[in-house]
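Q: The structure is given below, and queries will be raised subsequently.
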Amino acid sequence: MARQLRFEYPGAVYHVMARGDGGKPVFLDDKDAKGFLFRLGLVCQKNGWRVHAWVLMTNHYHLLVETPEPNLTAGMRVLMGTFSQGWNSRHLRHGHVFQGRYKAIPVSGERATDGSYLKVVADYIHLNPARAGLAGGKNGKLVTYPWSSLRHYAKGTPPEWLELGRVLDGFQLDHGPRGRRAYLDWLESRATTPKSAISEAATASLRRGWYLGEDGFRDKLLNLVSQAKRRILKPGHHSGAALRAHDEQAAERLITRTANALGLDAATDWTLLRKNHRGKLLIAAVVKRNTAMHNQWLAHRLHLGHVAGLCRNLSELMRDPQAVKSITLYESSGD
């Protein structure tokens with residue numbers, strides 16, 4: 001099965017999460033939770049990671065982690081592997097502890113004035129116990145939940161690998177008791193609302209897929225894809241929204257470039273040209289040979305009719321030596 005793409009670069013920030021295999025409980029007692037945090041601390045110390053927020057729930061966990069060096073995969077391999085081995089040994093079980101690979105969503109970690117994206121994820125993580133009905137509001141203070149970094153925000157004495165300042169900076173709060181108390185009051189008030197509501201916009205951003213940030217941050221990630229294109233785009237090696245976005249971006253550039261070479265206006269209304277128009281088919285062939293965009297996307301984008309008809313027309317086109325020569329020329333025109 002194709003794997004989701006991992007973005008690694010110096011200073012990257014990620015929302016990391018993993019769920020128990022089949023949704024089963026992972027943190028059955030305090031020893032399980034302490035064992036995970038102990039291993040997390042070792043990994044942070046060895047790899048230089050900084051964690052900004054974390055929570056352990058019964059069957060899953062969330063981390064907001066910053067990697068000064070591009071070493072997320074190496075560190076997570078150790079964390080997940082050693083914890084799973086220890087967990088199986090302790091509970092006299094075998095097999096997978098977590099369900100598939102962990103999920104790691106890149107978060108824009110720029111030290112902007114409001115740090116908006118980082119604080120959205122931190123809020124989401126810290127409010128997990130409230131959404132589960134375990135703490136907050138009528139279930140008592142949110143800060144009393146024992147397996148969350150929020151208790152360290154309350155005390156102001158975190159372990160070395162937990163950094164409080166970045167989240168507080170996101171709210172423009174000082175790092176002392178007053179700022180930390182203001183952050184706690186903010187979360188406690190959020191925890192009293194139904195499902196400790198995160199705003200609809202924030203929820204949509206968190207769930208939209210493969211990154212959390214502005215368009216410029218997305219472009220930075222797509223540029224990383226381009227830099228490692230040969231390795232990343234190996235068939236079956238990776239999949240996911242990041243690669244689809246990368247290929248769509250590349251496809252649009254190819255459409256513009258090839259249309260110009262053909263003397264067509266890239267902004268033309270493609271519906272004005274017949275479905276089997278040779279120029280449109282030449283453009284489709286160039287895109288298809290140089291990206292992973294599927295026939296359905298091409299048919300819709302260039303108004304080439306049904307996919308079955310497009311496949312027939314492209315097959316016929318590729319039997320024409322002159323067409324193949326033209327396609328090769330258009331491909332090399334951008335080098």
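So you can find residues: chains in the structure tokens are A, B, ... in the order shown, residues in each start at 1, and ligands are numbered from 1 in order.
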Residues within 9 Å of A:Lys24, please, as number ranges by chain. Count only C-alpha atoms; anything in the same chain fewer than 4 positions from it doesn't count.

A: A: 19-20, 58-60, 97-98

Q: Would you export the selected residues with C-alpha atoms as a PDB file, in the first residue's frame, please?

A:
ATOM      1  CA  ARG A  19      -4.628   5.501  17.339  1.00  0.00           C
ATOM      2  CA  GLY A  20      -4.679   2.053  18.903  1.00  0.00           C
ATOM      3  CA  THR A  58      -7.338   6.002  26.225  1.00  0.00           C
ATOM      4  CA  ASN A  59      -6.876   4.819  22.654  1.00  0.00           C
ATOM      5  CA  HIS A  60      -4.827   7.549  20.980  1.00  0.00           C
ATOM      6  CA  VAL A  97      -0.230  -1.800  19.187  1.00  0.00           C
ATOM      7  CA  PHE A  98      -1.053   1.156  16.935  1.00  0.00           C
TER       8      PHE A  98
END

Q: Which residues, written as a PyMOL selection string, have at least one atom at most 6 Å from stretch 8-18 of chain A, with only C-alpha atoms counted and residues fewer than 3 positions away on the same chain left out?

A: chain A and resi 60-70+102-107+109

Q: Using C-alpha atoms, can you export the residues from the last selection as a CSV table (one decimal), in the first residue's frame?

A:
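For reference, again05.csv as written:
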chain,number,residue,atom,x,y,z
A,60,HIS,CA,-4.8,7.5,21.0
A,61,TYR,CA,-2.4,10.4,21.5
A,62,HIS,CA,-1.6,13.8,20.1
A,63,LEU,CA,1.7,15.7,20.0
A,64,LEU,CA,2.6,19.2,18.8
A,65,VAL,CA,6.3,18.6,18.1
A,66,GLU,CA,9.1,20.8,16.6
A,67,THR,CA,12.1,19.2,15.0
A,68,PRO,CA,15.1,21.6,14.7
A,69,GLU,CA,16.7,18.9,12.5
A,70,PRO,CA,14.9,17.0,9.7
A,102,TYR,CA,1.2,7.6,12.7
A,103,LYS,CA,-0.2,10.7,11.1
A,104,ALA,CA,2.0,13.8,10.9
A,105,ILE,CA,0.5,17.0,9.6
A,106,PRO,CA,3.0,19.9,9.0
A,107,VAL,CA,2.0,23.0,10.8
A,109,GLY,CA,5.6,27.2,12.7

Q: Nearest residue to A:Trp147 out of A:Leu37, A:Leu173, A:Met80, A:Leu92, using only C-alpha atoms?

A: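 Looking at the shortest contact to A:Trp147, the residue is A:Leu37.
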
Q: Excluding same-chain residues fewer than 6 positions from A:Leu302, what lies within 9 Å of it counting only C-alpha atoms, as a PyMOL selection string?

A: chain A and resi 269-271+275+280-281+283-284

Q: Would you save the residues from that selection as a PDB file, in the first residue's frame, using C-alpha atoms?

A:
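Okay, this is what ended up in result.pdb:
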ATOM      1  CA  ASP A 269     -12.957  28.250 -22.789  1.00  0.00           C
ATOM      2  CA  TRP A 270     -12.119  24.650 -23.652  1.00  0.00           C
ATOM      3  CA  THR A 271     -15.796  23.875 -24.204  1.00  0.00           C
ATOM      4  CA  LYS A 275     -13.869  16.957 -27.494  1.00  0.00           C
ATOM      5  CA  LYS A 280      -6.419  19.551 -26.491  1.00  0.00           C
ATOM      6  CA  LEU A 281      -5.356  15.937 -26.881  1.00  0.00           C
ATOM      7  CA  ILE A 283      -1.914  18.979 -24.111  1.00  0.00           C
ATOM      8  CA  ALA A 284      -3.522  16.043 -22.304  1.00  0.00           C
TER       9      ALA A 284
END

Q: DSSP on the backbone: what in stretch 16-188 of chain A comes out alpha helix (DSSP H), as a VMD selection string?

A: chain A and resid 30 to 47 72 to 90 116 to 126 128 to 131 150 to 155 165 to 170 177 to 188
